[in-house]
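Asks: Supplied structure: query-v2.txt, compact mmCIF, C-alpha atoms and all ligand atoms.
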# COMPACT_ATOMS: atom_id res chain seq x y z
CA MET A 1 15.95 17.54 7.47
CA LYS A 2 16.69 19.04 4.06
CA ILE A 3 14.07 18.95 1.33
CA TYR A 4 14.72 19.35 -2.39
CA LEU A 5 12.21 21.93 -3.64
CA ASN A 6 12.29 23.27 -7.19
CA GLY A 7 16.04 23.02 -7.59
CA GLU A 8 17.08 24.02 -4.08
CA LEU A 9 17.77 22.22 -0.84
CA VAL A 10 15.83 23.91 1.95
CA GLU A 11 15.12 23.16 5.59
CA LYS A 12 11.92 21.23 6.26
CA GLU A 13 10.35 24.28 7.93
CA GLU A 14 11.03 26.37 4.81
CA ALA A 15 9.82 23.74 2.35
CA LYS A 16 6.48 25.34 1.51
CA ILE A 17 4.35 25.38 -1.60
CA SER A 18 1.38 27.52 -2.65
CA ILE A 19 -2.12 26.66 -1.45
CA PHE A 20 -3.06 27.30 -5.10
CA ASP A 21 -0.91 24.35 -6.18
CA HIS A 22 -3.13 21.98 -8.15
CA GLY A 23 -1.39 19.03 -6.52
CA LEU A 24 -3.17 20.11 -3.35
CA LEU A 25 -6.39 21.52 -4.84
CA TYR A 26 -7.06 18.60 -7.20
CA GLY A 27 -4.52 15.83 -6.60
CA ASP A 28 -3.17 16.86 -10.00
CA GLY A 29 0.33 15.42 -10.04
CA VAL A 30 2.40 12.25 -9.94
CA PHE A 31 4.79 10.65 -7.48
CA GLU A 32 7.18 7.83 -6.71
CA GLY A 33 8.14 6.04 -3.49
CA ILE A 34 11.74 4.87 -3.74
CA ARG A 35 14.06 3.16 -1.29
CA SER A 36 17.77 3.14 -0.64
CA TYR A 37 19.62 0.29 1.02
CA ASN A 38 23.04 0.95 2.53
CA GLY A 39 23.70 3.84 0.18
CA ILE A 40 22.37 2.14 -2.95
CA ILE A 41 19.13 3.45 -4.43
CA PHE A 42 17.13 0.42 -5.53
CA LYS A 43 15.79 0.51 -9.12
CA LEU A 44 16.10 4.30 -9.29
CA ARG A 45 15.99 4.39 -13.10
CA GLU A 46 12.87 2.22 -13.18
CA HIS A 47 11.14 4.62 -10.75
CA ILE A 48 12.22 7.66 -12.77
CA ASN A 49 10.94 6.02 -15.97
CA ARG A 50 7.57 5.23 -14.35
CA LEU A 51 7.33 8.82 -13.07
CA PHE A 52 7.88 10.16 -16.58
CA GLU A 53 5.31 7.73 -18.00
CA SER A 54 2.70 8.78 -15.42
CA ALA A 55 3.46 12.44 -16.17
CA HIS A 56 3.29 11.87 -19.93
CA THR A 57 -0.16 10.29 -19.68
CA ILE A 58 -1.57 13.20 -17.65
CA MET A 59 0.25 15.67 -19.96
CA LEU A 60 2.36 17.10 -17.16
CA LYS A 61 5.73 18.43 -18.23
CA ILE A 62 8.50 17.62 -15.76
CA PRO A 63 10.89 20.59 -15.88
CA LEU A 64 14.01 18.40 -15.50
CA THR A 65 15.63 15.68 -17.55
CA LYS A 66 15.71 12.14 -16.20
CA GLU A 67 19.44 12.51 -15.52
CA ASP A 68 18.90 15.78 -13.60
CA LEU A 69 16.19 14.17 -11.52
CA ILE A 70 18.41 11.18 -10.71
CA GLU A 71 21.11 13.63 -9.60
CA ALA A 72 18.57 15.57 -7.50
CA VAL A 73 17.51 12.37 -5.68
CA LYS A 74 21.17 11.53 -4.91
CA GLN A 75 21.85 15.10 -3.81
CA THR A 76 18.89 14.97 -1.40
CA LEU A 77 20.14 11.74 0.17
CA ARG A 78 23.67 13.12 0.50
CA ALA A 79 22.40 16.32 2.13
CA ASN A 80 20.53 14.26 4.73
CA GLN A 81 23.34 11.74 5.18
CA LEU A 82 20.89 8.92 4.78
CA LYS A 83 21.92 5.47 3.61
CA GLU A 84 18.73 3.61 4.51
CA ALA A 85 15.91 5.81 3.32
CA TYR A 86 12.42 6.11 1.97
CA ILE A 87 12.39 8.68 -0.78
CA ARG A 88 9.26 10.48 -1.95
CA LEU A 89 9.56 12.18 -5.31
CA VAL A 90 6.59 14.39 -6.21
CA VAL A 91 5.79 16.45 -9.29
CA THR A 92 2.60 18.54 -9.18
CA ARG A 93 0.91 20.59 -11.88
CA GLY A 94 2.08 23.67 -9.96
CA GLU A 95 0.43 26.89 -8.90
CA GLY A 96 -2.72 27.87 -10.79
CA ASP A 97 -6.07 29.48 -10.06
CA LEU A 98 -9.19 27.95 -8.55
CA GLY A 99 -10.33 26.43 -11.85
CA LEU A 100 -9.40 22.96 -13.10
CA ASP A 101 -7.66 24.29 -16.22
CA PRO A 102 -4.06 23.02 -16.07
CA ARG A 103 -3.00 25.67 -18.61
CA LYS A 104 -3.13 28.18 -15.74
CA CYS A 105 -0.33 26.31 -14.02
CA LYS A 106 2.79 27.69 -15.63
CA LYS A 107 5.40 25.55 -13.92
CA ALA A 108 5.35 22.15 -12.29
CA THR A 109 6.38 21.92 -8.63
CA VAL A 110 9.08 19.32 -7.92
CA PHE A 111 10.03 18.16 -4.46
CA ILE A 112 11.96 15.28 -2.95
CA ILE A 113 11.73 14.10 0.64
CA ALA A 114 14.28 11.64 2.01
CA ASP A 115 13.14 10.20 5.31
CA LYS A 116 13.81 7.20 7.48
CA ILE A 117 12.04 4.09 6.36
CA VAL A 118 9.24 2.78 8.59
CA LEU A 119 9.17 -0.99 8.35
CA TYR A 120 6.57 -3.62 9.15
CA PRO A 121 7.67 -5.51 12.31
CA GLU A 122 10.10 -8.31 11.34
CA GLU A 123 7.78 -10.79 13.08
CA LEU A 124 5.14 -10.30 10.38
CA TYR A 125 7.62 -11.54 7.76
CA GLU A 126 8.00 -14.74 9.76
CA THR A 127 4.35 -15.35 10.65
CA GLY A 128 2.63 -13.72 7.64
CA LEU A 129 -0.27 -11.29 7.48
CA ALA A 130 -4.00 -11.92 7.86
CA ILE A 131 -5.80 -9.56 5.49
CA ILE A 132 -9.28 -8.94 4.11
CA THR A 133 -11.06 -7.94 0.93
CA VAL A 134 -12.77 -4.56 1.24
CA PRO A 135 -15.97 -3.25 -0.41
CA THR A 136 -14.36 -0.26 -2.17
CA ARG A 137 -13.40 -1.29 -5.69
CA ARG A 138 -10.16 -0.20 -7.41
CA ASN A 139 -10.55 2.68 -9.87
CA VAL A 140 -11.60 1.49 -13.31
CA PRO A 141 -8.78 2.01 -15.85
CA GLU A 142 -11.28 3.70 -18.17
CA ALA A 143 -11.71 6.48 -15.59
CA LEU A 144 -8.36 6.80 -13.81
CA ASN A 145 -5.87 4.14 -14.80
CA PRO A 146 -4.17 2.65 -11.71
CA GLN A 147 -1.01 2.45 -13.83
CA ILE A 148 -0.73 6.22 -13.39
CA LYS A 149 0.91 6.80 -10.02
CA SER A 150 -1.02 10.00 -9.45
CA LEU A 151 -1.54 12.11 -6.34
CA ASN A 152 -5.19 10.96 -6.37
CA TYR A 153 -4.96 8.25 -3.72
CA LEU A 154 -8.43 8.65 -2.23
CA ASN A 155 -9.54 5.36 -3.78
CA ASN A 156 -6.78 3.52 -1.90
CA ILE A 157 -7.27 5.57 1.27
CA LEU A 158 -10.96 4.58 1.39
CA ALA A 159 -9.91 0.94 1.14
CA LYS A 160 -7.25 1.48 3.82
CA ILE A 161 -9.89 2.96 6.16
CA GLU A 162 -12.05 -0.14 5.65
CA ALA A 163 -9.05 -2.36 6.45
CA ILE A 164 -8.23 -0.34 9.58
CA ASN A 165 -11.88 -0.50 10.72
CA ALA A 166 -11.63 -4.29 10.49
CA ASN A 167 -8.23 -4.44 12.27
CA SER A 168 -6.46 -5.58 9.10
CA GLU A 169 -2.99 -4.36 8.05
CA GLU A 170 -3.83 -4.30 4.36
CA ALA A 171 -6.86 -4.45 2.07
CA ILE A 172 -7.35 -6.52 -1.04
CA MET A 173 -9.12 -4.40 -3.64
CA LEU A 174 -11.18 -5.97 -6.43
CA ASN A 175 -11.82 -4.30 -9.76
CA ALA A 176 -15.31 -3.28 -10.92
CA GLN A 177 -15.93 -6.83 -12.27
CA GLY A 178 -14.96 -8.41 -8.96
CA TYR A 179 -11.55 -9.72 -10.02
CA VAL A 180 -8.58 -9.30 -7.70
CA ALA A 181 -6.68 -6.08 -8.49
CA GLU A 182 -4.14 -5.15 -5.80
CA CYS A 183 -3.78 -3.90 -2.24
CA THR A 184 -3.80 -0.22 -1.23
CA GLY A 185 -0.03 0.09 -1.60
CA ASP A 186 1.14 -3.35 -2.69
CA ASN A 187 0.73 -5.83 -5.55
CA ILE A 188 -0.55 -9.39 -4.98
CA PHE A 189 0.97 -12.73 -6.01
CA ILE A 190 -0.13 -16.33 -5.49
CA VAL A 191 1.72 -19.60 -5.93
CA ALA A 192 -0.57 -22.32 -7.32
CA LYS A 193 0.57 -25.73 -8.58
CA GLY A 194 4.14 -24.49 -8.75
CA LYS A 195 3.32 -21.47 -10.88
CA LEU A 196 3.47 -17.82 -9.88
CA LEU A 197 0.33 -15.85 -10.73
CA THR A 198 -0.41 -12.14 -10.42
CA PRO A 199 -3.18 -9.88 -11.76
CA ALA A 200 -2.33 -8.43 -15.18
CA PRO A 201 -2.04 -4.62 -15.19
CA TYR A 202 -5.14 -4.31 -17.43
CA VAL A 203 -7.22 -5.70 -14.53
CA GLY A 204 -6.47 -2.35 -12.85
CA THR A 205 -3.17 -2.42 -10.97
CA LEU A 206 -0.05 -0.38 -10.68
CA LYS A 207 2.86 -2.02 -12.47
CA GLY A 208 4.91 -2.19 -9.30
CA ILE A 209 8.69 -2.04 -9.51
CA THR A 210 8.91 -4.69 -6.79
CA ARG A 211 6.36 -6.74 -8.78
CA ASP A 212 8.54 -6.55 -11.90
CA THR A 213 11.61 -7.49 -9.85
CA VAL A 214 9.86 -10.54 -8.35
CA ILE A 215 8.69 -11.68 -11.80
CA ALA A 216 12.28 -11.44 -13.07
CA LEU A 217 13.65 -13.35 -10.04
CA ALA A 218 11.06 -16.10 -10.46
CA GLN A 219 11.82 -16.46 -14.16
CA LYS A 220 15.50 -16.74 -13.33
CA ASP A 221 14.55 -19.57 -10.95
CA GLN A 222 12.67 -21.27 -13.87
CA ILE A 223 9.29 -20.70 -12.22
CA VAL A 224 6.47 -20.19 -14.73
CA VAL A 225 4.88 -16.75 -14.24
CA HIS A 226 1.44 -15.75 -15.52
CA GLU A 227 0.00 -12.23 -15.47
CA THR A 228 -3.65 -13.14 -15.50
CA ILE A 229 -7.13 -12.77 -14.00
CA LEU A 230 -7.62 -13.97 -10.43
CA THR A 231 -10.74 -14.40 -8.29
CA ARG A 232 -11.04 -14.48 -4.50
CA HIS A 233 -11.55 -18.26 -4.89
CA ASP A 234 -8.09 -18.46 -6.50
CA LEU A 235 -6.60 -16.61 -3.53
CA PHE A 236 -8.38 -18.77 -0.92
CA ASN A 237 -7.14 -21.95 -2.59
CA ALA A 238 -3.60 -20.84 -3.39
CA ASP A 239 -0.62 -22.74 -1.97
CA GLU A 240 1.09 -19.44 -1.08
CA LEU A 241 0.24 -15.77 -1.20
CA PHE A 242 2.40 -12.69 -0.77
CA LEU A 243 2.37 -8.94 -1.36
CA THR A 244 5.08 -6.80 -2.96
CA GLY A 245 5.88 -3.12 -2.63
CA THR A 246 8.79 -0.73 -2.11
CA ALA A 247 8.10 -0.32 1.61
CA ALA A 248 6.92 -3.89 2.37
CA GLU A 249 9.35 -5.64 -0.04
CA ILE A 250 7.89 -9.18 -0.15
CA ILE A 251 5.54 -9.98 2.74
CA PRO A 252 3.78 -13.34 3.17
CA VAL A 253 0.00 -13.54 3.67
CA VAL A 254 -1.39 -16.57 5.51
CA LYS A 255 -5.08 -15.68 5.83
CA VAL A 256 -7.57 -13.93 3.52
CA ASP A 257 -11.12 -13.19 4.67
CA GLY A 258 -10.78 -15.82 7.39
CA ARG A 259 -9.58 -18.54 4.99
CA VAL A 260 -6.20 -20.10 5.78
CA ILE A 261 -3.85 -19.99 2.78
CA GLY A 262 -1.87 -23.20 2.14
CA THR A 263 -0.29 -24.48 5.36
CA GLY A 264 -1.00 -21.22 7.20
CA LYS A 265 2.74 -20.45 7.21
CA PRO A 266 4.91 -18.57 4.68
CA GLY A 267 5.62 -21.09 1.90
CA PRO A 268 8.91 -22.21 0.32
CA VAL A 269 8.58 -20.18 -2.91
CA THR A 270 7.76 -17.02 -0.95
CA LEU A 271 10.71 -17.55 1.42
CA ARG A 272 13.09 -18.18 -1.46
CA LEU A 273 11.97 -15.05 -3.32
CA MET A 274 12.24 -13.00 -0.11
CA LYS A 275 15.84 -14.15 0.32
CA GLU A 276 16.74 -13.48 -3.32
CA PHE A 277 15.06 -10.08 -3.23
CA ARG A 278 17.01 -9.02 -0.14
CA GLU A 279 20.24 -10.14 -1.75
CA LEU A 280 19.44 -8.11 -4.85
CA THR A 281 18.87 -4.93 -2.80
CA THR A 282 22.46 -5.10 -1.60
CA ILE A 283 23.94 -5.05 -5.10
CA ASP A 284 21.47 -3.71 -7.67
CA GLY A 285 21.05 0.05 -7.86
CA GLU A 286 22.48 3.54 -8.13
CA LYS A 287 25.18 4.43 -5.63
CA ILE A 288 24.49 7.68 -3.79
CA LEU A 289 28.13 8.66 -3.65
CA ASN A 290 29.64 9.01 -7.09
N1 LIG B 1 0.13 -0.72 -5.83
C1 LIG B 1 -0.12 0.54 -5.42
C2 LIG B 1 -1.49 1.09 -5.54
C3 LIG B 1 0.92 1.33 -4.90
O1 LIG B 1 0.69 2.58 -4.51
C4 LIG B 1 2.43 -0.56 -5.21
C5 LIG B 1 1.36 -1.27 -5.73
C6 LIG B 1 3.78 -1.20 -5.17
O2 LIG B 1 4.61 -0.64 -6.19
P1 LIG B 1 6.19 -0.59 -6.05
O3 LIG B 1 6.65 0.10 -7.28
O4 LIG B 1 6.52 0.17 -4.79
O5 LIG B 1 6.65 -2.00 -5.99
C7 LIG B 1 2.21 0.78 -4.80
C8 LIG B 1 3.33 1.65 -4.26
C9 LIG B 1 2.40 3.32 1.67
C10 LIG B 1 2.52 3.68 0.23
O6 LIG B 1 2.61 4.21 2.51
C11 LIG B 1 2.75 2.69 -0.71
C12 LIG B 1 2.88 3.00 -2.06
C13 LIG B 1 2.75 4.30 -2.44
C14 LIG B 1 2.52 5.29 -1.51
C15 LIG B 1 2.40 4.99 -0.15
O7 LIG B 1 2.08 2.16 1.99
N2 LIG B 1 3.12 1.92 -2.87
Can the structure in the file be given as structure tokens, please?
Replies:
Amino acid sequence: MKIYLNGELVEKEEAKISIFDHGLLYGDGVFEGIRSYNGIIFKLREHINRLFESAHTIMLKIPLTKEDLIEAVKQTLRANQLKEAYIRLVVTRGEGDLGLDPRKCKKATVFIIADKIVLYPEELYETGLAIITVPTRRNVPEALNPQIKSLNYLNNILAKIEAINANSEEAIMLNAQGYVAECTGDNIFIVAKGKLLTPAPYVGTLKGITRDTVIALAQKDQIVVHETILTRHDLFNADELFLTGTAAEIIPVVKVDGRVIGTGKPGPVTLRLMKEFRELTTIDGEKILN
């Protein structure tokens, strides 16, 4: 496996960074998880734009232009001869000293990993997931805005541990007020009375690229979409519920905290969006070879 590290492609064993890197010492950095389908990188520009926005908010200077970074992602995929891949793009504050002061970090560290994609079993897309709400609340935007895709994932990892302890594949996280925010690595949607509803980003969610894509597909299908405030009661009484994320794509949920959602089977709107999303991944994106 070849890793892109600070402008060079190196073997995995040689891809090493300093233990003084503030990405490691403090989680000071930003990242993206991107996917390629049959040699087409899905929504690459949207991911690059979000990376630059996250970096801008934390005042981290990415030492490459957007175009250079796009080229570096393609180069990494070509070097690994991967057509179906999960791509991890990471920019850290770089090497500093033991203090928090980011001014000590003279140059950001940039690396790109292109690996095989690990998928949920296909069966789960047919039967749907049973998931739970966990006690750990999503970070409040006033402290660490979930819209920043930072290397600080401990909040989500704590929630993931609670889900694992309860034998659940995913965890629904509420915000500090008790409204539904998102899952540990996925956004949440419900279908209620023919409308598609999802928590607004100000509730405390990442503005997922898959989320944006699903909103656009639904609007094209003339489905009314609301970015709003949702309670657990809204989830329990929804007609359909599904999660969205780069790795999971669109995955139906049929049970939340023991309550059956709708008919207990993936619903028609979910199935239609899943089909349309999969079609889109075959055509919409940046070709690796060009
Ligand atoms: N919310 C959070 C908190 C995320 O980290 C999403 C939603 C979905 O966003 P996209 O842009 O992918 O539609 C994410 C991104 C994992 C894993 O291993 C998942 C993410 C990030 C890192 C690891 O499950 N998901």
Asks: Report as CSV: every residue of chain A with an atom at most 8 Å from ligand LIG 1 (chain B), its closest pair of atoms, and their distance in Å to one decimal, counting only C-alpha atoms and all ligand atoms, with rows sorted by chain and ascending residue number.
Replies:
residue,atom,partner,partner_atom,distance
A:Glu32,CA,B:LIG1,C13,7.1
A:Gly33,CA,B:LIG1,C13,5.8
A:Ile34,CA,B:LIG1,O4,7.1
A:His47,CA,B:LIG1,O3,7.3
A:Pro146,CA,B:LIG1,C2,6.9
A:Lys149,CA,B:LIG1,O1,6.9
A:Asn156,CA,B:LIG1,C2,6.9
A:Glu182,CA,B:LIG1,N1,6.2
A:Cys183,CA,B:LIG1,N1,6.2
A:Thr184,CA,B:LIG1,C2,5.1
A:Gly185,CA,B:LIG1,C3,3.7
A:Asp186,CA,B:LIG1,C5,3.7
A:Asn187,CA,B:LIG1,C5,4.6
A:Thr205,CA,B:LIG1,N1,6.3
A:Leu206,CA,B:LIG1,N1,4.9
A:Lys207,CA,B:LIG1,O2,6.7
A:Gly208,CA,B:LIG1,O2,3.5
A:Ile209,CA,B:LIG1,O3,3.7
A:Thr210,CA,B:LIG1,O5,3.6
A:Arg211,CA,B:LIG1,O5,5.5
A:Asp212,CA,B:LIG1,O5,7.7
A:Thr244,CA,B:LIG1,O5,5.9
A:Gly245,CA,B:LIG1,O5,3.6
A:Thr246,CA,B:LIG1,O4,3.6
A:Ala247,CA,B:LIG1,O7,6.5
A:Ala248,CA,B:LIG1,O7,7.8
A:Glu249,CA,B:LIG1,O5,7.5
Asks: Please compute the CA of Glu169 in chain A-CA of Leu144 in chain A distance, one decimal, in Å.
Replies: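 Separation between CA of Glu169 in chain A and CA of Leu144 in chain A: 25.1 Å.
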Asks: Please compute the CA of Val134 in chain A-CA of Leu174 in chain A distance, one decimal, in Å.
Replies: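 For CA of Val134 in chain A relative to CA of Leu174 in chain A, the distance reads 8.0 Å.
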Asks: Contacts of Gly264 in chain A at 9 Å or less, counting all atoms listed in the file, minus same-chain residues fewer than 3 places along, as a list in words?
Replies: Thr127, Gly128, Glu240, Val253, Val254, Lys255, Val260, Ile261 and Gly267 of chain A
Asks: With distances taken over all atoms listed in the file, which residue among A:Leu25, A:Ala171, A:Met1, A:Val214 lies nearest Lys116 in chain A?
Replies: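 Of A:Leu25, A:Ala171, A:Met1, A:Val214, the one nearest Lys116 in chain A is A:Met1, counting all atoms listed in the file.
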Asks: Which is closest to Pro201 in chain A among A:Val140, A:Ile62, A:Ile223, A:Ile132, if we use all atoms listed in the file?
Replies: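 Once distances to Pro201 in chain A are computed over all atoms listed in the file, the minimum belongs to A:Val140.
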